[in-house]
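Source file: model11.tsv; contents: TSV, C-alpha atoms.
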chain	number	residue	atom	x	y	z
A	1	MET	CA	178.19	123.60	13.70
A	2	MET	CA	178.97	122.60	17.26
A	3	THR	CA	182.54	122.70	18.47
A	4	LYS	CA	183.72	121.26	21.75
A	5	ILE	CA	186.10	123.36	23.85
A	6	ASN	CA	188.21	121.68	26.52
A	7	ILE	CA	188.51	123.90	29.60
A	8	PRO	CA	191.69	123.49	31.68
A	9	THR	CA	191.26	122.66	35.36
A	10	PRO	CA	191.92	126.17	36.77
A	11	LEU	CA	189.37	127.85	34.50
A	12	ARG	CA	186.48	125.48	35.11
A	13	GLN	CA	185.34	127.44	38.13
A	14	TYR	CA	184.45	130.21	35.67
A	15	ALA	CA	182.60	127.81	33.34
A	16	ASP	CA	180.06	126.29	35.72
A	17	LYS	CA	182.71	123.69	36.65
A	18	GLN	CA	182.35	122.02	33.27
A	19	PRO	CA	185.38	120.27	31.69
A	20	THR	CA	184.02	120.98	28.21
A	21	VAL	CA	181.75	123.59	26.68
A	22	GLU	CA	180.03	123.26	23.32
A	23	VAL	CA	179.54	126.32	21.15
A	24	LYS	CA	178.28	126.99	17.67
A	25	ALA	CA	181.08	128.41	15.56
A	26	GLY	CA	182.63	128.54	12.10
A	27	THR	CA	186.06	129.72	13.22
A	28	VAL	CA	188.26	129.50	16.30
A	29	ALA	CA	187.57	133.20	17.00
A	30	GLU	CA	183.81	132.59	16.92
A	31	ALA	CA	184.21	129.59	19.20
A	32	LEU	CA	186.19	131.57	21.78
A	33	SER	CA	183.79	134.47	21.48
A	34	GLY	CA	180.89	132.09	22.06
A	35	LEU	CA	182.68	130.66	25.07
A	36	VAL	CA	183.21	134.01	26.78
A	37	SER	CA	179.65	135.04	25.93
A	38	LYS	CA	178.38	131.98	27.77
A	39	HIS	CA	180.86	132.41	30.59
A	40	PRO	CA	181.89	136.09	30.81
A	41	GLU	CA	184.20	135.55	33.78
A	42	LEU	CA	186.55	133.62	31.51
A	43	ARG	CA	187.31	136.72	29.47
A	44	ARG	CA	189.88	138.29	31.80
A	45	HIS	CA	191.70	134.97	32.10
A	46	LEU	CA	191.96	134.46	28.35
A	47	TYR	CA	192.29	137.99	27.00
A	48	THR	CA	194.35	141.07	27.82
A	49	ASP	CA	192.69	144.45	28.36
A	50	ASP	CA	193.09	145.19	24.64
A	51	GLN	CA	191.28	141.95	23.79
A	52	LYS	CA	194.30	139.96	22.61
A	53	LEU	CA	194.71	136.36	23.69
A	54	ARG	CA	197.15	136.24	26.57
A	55	SER	CA	200.58	135.12	25.44
A	56	PHE	CA	200.65	132.07	27.71
A	57	VAL	CA	197.27	130.81	26.50
A	58	ASN	CA	197.81	128.16	23.85
A	59	VAL	CA	194.83	127.33	21.67
A	60	TYR	CA	194.85	124.01	19.86
A	61	LEU	CA	192.43	122.81	17.22
A	62	ASN	CA	192.45	119.06	17.66
A	63	ASP	CA	196.25	118.52	17.88
A	64	GLU	CA	197.38	121.64	16.01
A	65	ASP	CA	198.46	124.97	17.47
A	66	VAL	CA	196.23	127.56	15.79
A	67	ARG	CA	199.23	129.93	15.65
A	68	TYR	CA	200.58	127.65	12.93
A	69	LEU	CA	197.25	127.43	11.12
A	70	GLN	CA	195.28	130.59	10.36
A	71	LYS	CA	195.38	131.70	14.00
A	72	GLU	CA	191.95	132.67	15.30
A	73	ALA	CA	190.60	132.80	11.74
A	74	THR	CA	191.13	129.04	11.46
A	75	ALA	CA	187.95	127.33	10.30
A	76	VAL	CA	186.35	124.72	12.53
A	77	LYS	CA	184.08	121.94	11.43
A	78	ASP	CA	181.52	119.81	13.17
A	79	GLY	CA	183.15	117.46	15.63
A	80	ASP	CA	186.35	119.47	16.03
A	81	THR	CA	187.78	119.97	19.50
A	82	ILE	CA	189.47	123.12	20.68
A	83	SER	CA	191.77	122.87	23.69
A	84	ILE	CA	192.76	125.83	25.82
A	85	VAL	CA	196.16	125.02	27.31
A	86	PRO	CA	197.94	127.53	29.55
A	87	SER	CA	201.68	127.02	29.16
A	88	ILE	CA	203.72	124.91	31.59
A	89	ALA	CA	207.24	126.19	32.06
A	90	GLY	CA	209.73	127.50	34.58
A	91	GLY	CA	213.14	126.70	35.99
A	92	ARG	CA	215.57	127.71	38.69
B	1	MET	CA	197.70	120.02	50.52
B	2	LEU	CA	199.03	117.50	48.02
B	3	LYS	CA	198.23	113.82	48.64
B	4	ILE	CA	200.37	111.31	46.80
B	5	ASP	CA	201.38	107.70	47.32
B	6	LYS	CA	204.99	106.72	47.88
B	7	THR	CA	205.39	105.05	44.49
B	8	ASP	CA	204.36	108.22	42.63
B	9	PHE	CA	206.37	110.43	45.00
B	10	ASP	CA	209.47	108.34	44.42
B	11	ALA	CA	208.82	108.30	40.65
B	12	MET	CA	209.01	112.11	40.49
B	13	ARG	CA	212.25	112.15	42.41
B	14	GLN	CA	213.76	109.35	40.36
B	15	HIS	CA	212.89	111.23	37.17
B	16	GLY	CA	214.98	114.15	38.42
B	17	GLU	CA	217.91	111.86	39.05
B	18	GLU	CA	217.66	110.32	35.59
B	19	THR	CA	217.65	113.65	33.76
B	20	TYR	CA	220.37	115.24	35.94
B	21	PRO	CA	222.08	117.63	35.25
B	22	HIS	CA	219.02	118.69	33.28
B	23	GLU	CA	215.63	119.58	34.68
B	24	CYS	CA	212.90	116.98	34.45
B	25	CYS	CA	209.21	117.78	34.24
B	26	GLY	CA	205.87	116.03	34.34
B	27	VAL	CA	202.18	116.15	35.09
B	28	LEU	CA	200.22	115.09	38.16
B	29	LEU	CA	196.80	113.59	37.45
B	30	GLY	CA	194.13	112.99	40.02
B	31	GLN	CA	191.26	114.69	41.78
B	32	MET	CA	191.00	118.28	42.87
B	33	ASP	CA	189.07	119.16	45.99
B	34	ILE	CA	188.97	122.36	47.94
B	35	ASN	CA	192.55	122.81	49.20
B	36	VAL	CA	193.42	119.15	48.55
B	37	ARG	CA	194.86	117.72	45.37
B	38	SER	CA	195.00	113.92	45.37
B	39	VAL	CA	197.41	112.40	42.86
B	40	SER	CA	196.50	109.08	41.29
B	41	SER	CA	199.15	109.03	38.57
B	42	VAL	CA	202.36	110.77	37.61
B	43	VAL	CA	203.15	111.23	33.92
B	44	ARG	CA	206.67	111.99	32.71
B	45	CYS	CA	207.06	114.65	30.03
B	46	GLY	CA	209.91	115.65	27.81
B	47	ASN	CA	211.65	118.97	28.52
B	48	THR	CA	211.43	120.94	25.29
B	49	ARG	CA	213.87	123.61	26.53
B	50	THR	CA	216.80	121.98	24.76
B	51	ASP	CA	218.50	125.38	24.60
B	52	SER	CA	218.88	125.53	28.39
B	53	PRO	CA	217.70	122.26	29.97
B	54	GLN	CA	219.96	122.62	33.01
B	55	ASN	CA	217.90	125.52	34.36
B	56	ARG	CA	214.66	125.71	32.36
B	57	TYR	CA	211.77	123.43	31.53
B	58	HIS	CA	208.81	123.58	29.22
B	59	ILE	CA	206.17	120.97	28.44
B	60	ASP	CA	204.89	120.70	24.88
B	61	PRO	CA	201.18	121.63	24.95
B	62	ARG	CA	200.47	118.75	22.56
B	63	GLU	CA	201.86	116.36	25.13
B	64	LEU	CA	199.66	117.99	27.74
B	65	ILE	CA	196.56	117.63	25.56
B	66	ARG	CA	197.32	113.94	25.10
B	67	ILE	CA	197.83	113.43	28.85
B	68	GLN	CA	194.65	115.36	29.61
B	69	ARG	CA	192.69	113.24	27.13
B	70	GLN	CA	194.01	109.96	28.54
B	71	GLY	CA	193.37	111.18	32.08
B	72	ARG	CA	189.78	112.06	31.34
B	73	GLU	CA	189.17	108.56	30.01
B	74	ARG	CA	190.13	107.33	33.50
B	75	GLY	CA	188.25	110.10	35.33
B	76	GLU	CA	191.45	111.98	36.22
B	77	ASP	CA	192.14	115.70	35.89
B	78	ILE	CA	195.38	117.64	35.82
B	79	VAL	CA	196.00	118.69	39.42
B	80	GLY	CA	199.62	119.80	39.21
B	81	PHE	CA	203.07	119.60	37.71
B	82	TYR	CA	206.56	118.71	38.86
B	83	HIS	CA	210.08	119.61	37.87
B	84	SER	CA	213.58	119.39	39.29
B	85	HIS	CA	216.22	121.93	40.26
B	86	PRO	CA	219.64	120.40	39.55
B	87	ASP	CA	222.13	121.54	42.23
B	88	HIS	CA	219.71	124.22	43.39
B	89	PRO	CA	217.28	124.45	46.33
B	90	ALA	CA	213.75	123.07	46.09
B	91	ARG	CA	212.26	126.55	46.26
B	92	TRP	CA	210.35	128.31	43.53
B	93	SER	CA	212.25	130.86	41.47
B	94	THR	CA	211.03	134.11	39.96
B	95	THR	CA	210.93	132.25	36.63
B	96	ASP	CA	208.78	129.53	38.18
B	97	LEU	CA	206.27	132.11	39.39
B	98	ALA	CA	206.27	134.15	36.19
B	99	GLU	CA	205.69	131.03	34.08
B	100	ALA	CA	203.06	129.46	36.37
B	101	HIS	CA	199.52	129.90	35.05
B	102	TRP	CA	197.50	126.97	36.38
B	103	LEU	CA	195.84	128.64	39.36
B	104	GLY	CA	194.79	126.24	42.09
B	105	CYS	CA	197.23	123.55	40.94
B	106	SER	CA	200.30	122.18	42.72
B	107	TYR	CA	203.84	122.85	41.53
B	108	VAL	CA	206.26	120.30	42.97
B	109	ILE	CA	210.01	120.95	42.94
B	110	THR	CA	212.74	118.46	43.80
B	111	SER	CA	216.31	119.56	44.35
B	112	VAL	CA	218.79	117.13	42.84
B	113	GLU	CA	222.24	117.44	44.36
B	114	LYS	CA	225.11	115.84	42.46
B	115	GLY	CA	222.66	113.47	40.81
B	116	ARG	CA	220.77	112.43	43.94
B	117	ALA	CA	217.24	113.64	44.73
B	118	ALA	CA	217.36	115.67	47.93
B	119	VAL	CA	214.44	117.82	49.10
B	120	THR	CA	210.98	117.77	47.52
B	121	ASN	CA	208.62	120.66	48.19
B	122	SER	CA	205.21	121.54	46.84
B	123	PHE	CA	203.64	124.92	46.24
B	124	GLU	CA	200.08	125.84	45.41
B	125	LEU	CA	199.59	128.51	42.78
B	126	ALA	CA	197.13	130.66	44.71
B	127	GLY	CA	195.30	133.82	43.72
B	128	SER	CA	192.41	134.83	41.53
B	129	ASP	CA	194.27	135.89	38.39
B	130	GLU	CA	197.65	136.75	36.88
B	131	GLY	CA	197.76	140.01	38.84
B	132	ASP	CA	197.70	138.53	42.31
B	133	LYS	CA	199.01	134.99	41.82
B	134	LYS	CA	201.55	133.62	44.27
B	135	LEU	CA	203.18	130.28	45.02
B	136	ILE	CA	202.56	129.26	48.61
B	137	ASP	CA	204.06	126.36	50.56
B	138	GLU	CA	201.79	123.37	50.88
B	139	LYS	CA	202.10	120.13	52.82
B	140	ILE	CA	202.85	116.93	50.92
B	141	ASP	CA	201.03	113.98	52.47
B	142	VAL	CA	202.88	110.88	51.24
B	143	ASP	CA	200.99	107.63	51.70
B	144	GLN	CA	203.80	105.26	52.72
B	145	THR	CA	201.91	102.17	51.57
B	146	GLU	CA	203.68	100.69	48.56
B	147	THR	CA	201.41	100.23	45.54

Would you mind writing the structure in this file as structure tokens?
Amino acid sequence: MMTKINIPTPLRQYADKQPTVEVKAGTVAEALSGLVSKHPELRRHLYTDDQKLRSFVNVYLNDEDVRYLQKEATAVKDGDTISIVPSIAGGR
Amino acid sequence: MLKIDKTDFDAMRQHGEETYPHECCGVLLGQMDINVRSVSSVVRCGNTRTDSPQNRYHIDPRELIRIQRQGRERGEDIVGFYHSHPDHPARWSTTDLAEAHWLGCSYVITSVEKGRAAVTNSFELAGSDEGDKKLIDEKIDVDQTET
């Protein structure tokens, strides 16, 4: 099954400047693994040294935060879209 | 450098006045070139930090996904973000830097003093990763032509 992954603007330089990458995957974890296999430079931007997703990296399956589904074990089906969304926050 | 027309520039500032004494926030869509981000539309967002809206902001990622999707349909990318500092200078704070993760994008801050927009500054989030990121001053080129 092919899953589309939306790459946020700052990370495209590590994904051959593509806004989306398609990978074959059955779960979110497989999709992300496929992504960093295709584009190894993305790994350090998405994962910590102990291979956990960085806390500010939000991963959405279609319009749902995977943290509220089955996290990275969430199943994906043909035509699903995963979005990688670094958080936007701050304040004085 | 950030290029923006006067209508969009004023829209960011007005948003800060409307949400005063709370922080406003939004997304800048447009085109990203080397060292130049050209804004073609400004999209208002809700501040989800209802626990401390006077000095914190956060944009719901779902709202961002929607904005990103709509932008792509028009050939626009996310090139930056804006927020306001109610009764506080238009300089980035340690929180702003710690919470900034969109390398290469612009972070615009408007100080709103007693309900009136005062200074607007923009900062590029420079660096190669989380370890060496920094917010650096960048010029805002405002096209004075009304649109």

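The chain A residues that come within 10 Å of chain B are A:Asn6, A:Pro8, A:Thr9, A:Pro10, A:Leu11, A:Pro19, A:Arg44, A:His45, A:Phe56, A:Val57, A:Asn58, A:Val59, A:Tyr60, A:Asn62, A:Asp63, A:Glu64, A:Asp65, A:Ser83, A:Ile84, A:Val85, A:Pro86, A:Ser87, A:Ile88, A:Ala89, A:Gly90, A:Gly91, A:Arg92, with all atoms listed in the file taken into account.
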
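Take CA of Val119 in chain B and CA of Tyr20 in chain B: the distance between them is 14.7 Å.
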
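One finds CA of Arg44 in chain B at 23.8 Å from CA of Ile82 in chain A.
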
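The shortest atom-to-atom distance to Val21 in chain A, with all atoms listed in the file taken into account, belongs to A:Lys38 out of A:Ala73, A:Met1, A:Lys38, A:Tyr47.
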
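CA of Asp80 in chain A is positioned 29.1 Å from CA of Ser40 in chain B.
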
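Distance check against Phe123 in chain B using all atoms listed in the file: of B:Leu2, B:Gly46, B:Met12, B:Gly75, the minimum falls on B:Leu2.
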
Who sits within 12 Å of Ser37 in chain A, only C-alpha atoms, same chain under 5 positions skipped, as number ranges by chain: A: 14-15, 21, 23-24, 30-32, 42-43

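The smallest atom-to-atom distance between Thr7 in chain B and any of B:Ser41, B:Ser122, B:Asn35, B:Thr110, using all atoms listed in the file, is found for B:Ser41.
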
Nearby residues (all atoms listed in the file) at most 9 Å from Leu46 in chain A, same-chain spacing under 6 positions excluded, as a list of chain:residue names: A:Val36, A:Lys52, A:Leu53, A:Arg54, A:Val57

Nearest-residue call for Ser106 in chain B, choices B:Gln14, B:Gln31, B:Thr50, B:Thr19, using all atoms listed in the file: B:Gln31

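Nearest residue to Pro21 in chain B, choosing from B:Lys139, B:Gly115, B:Lys133, B:Leu125 and counting only C-alpha atoms: B:Gly115.
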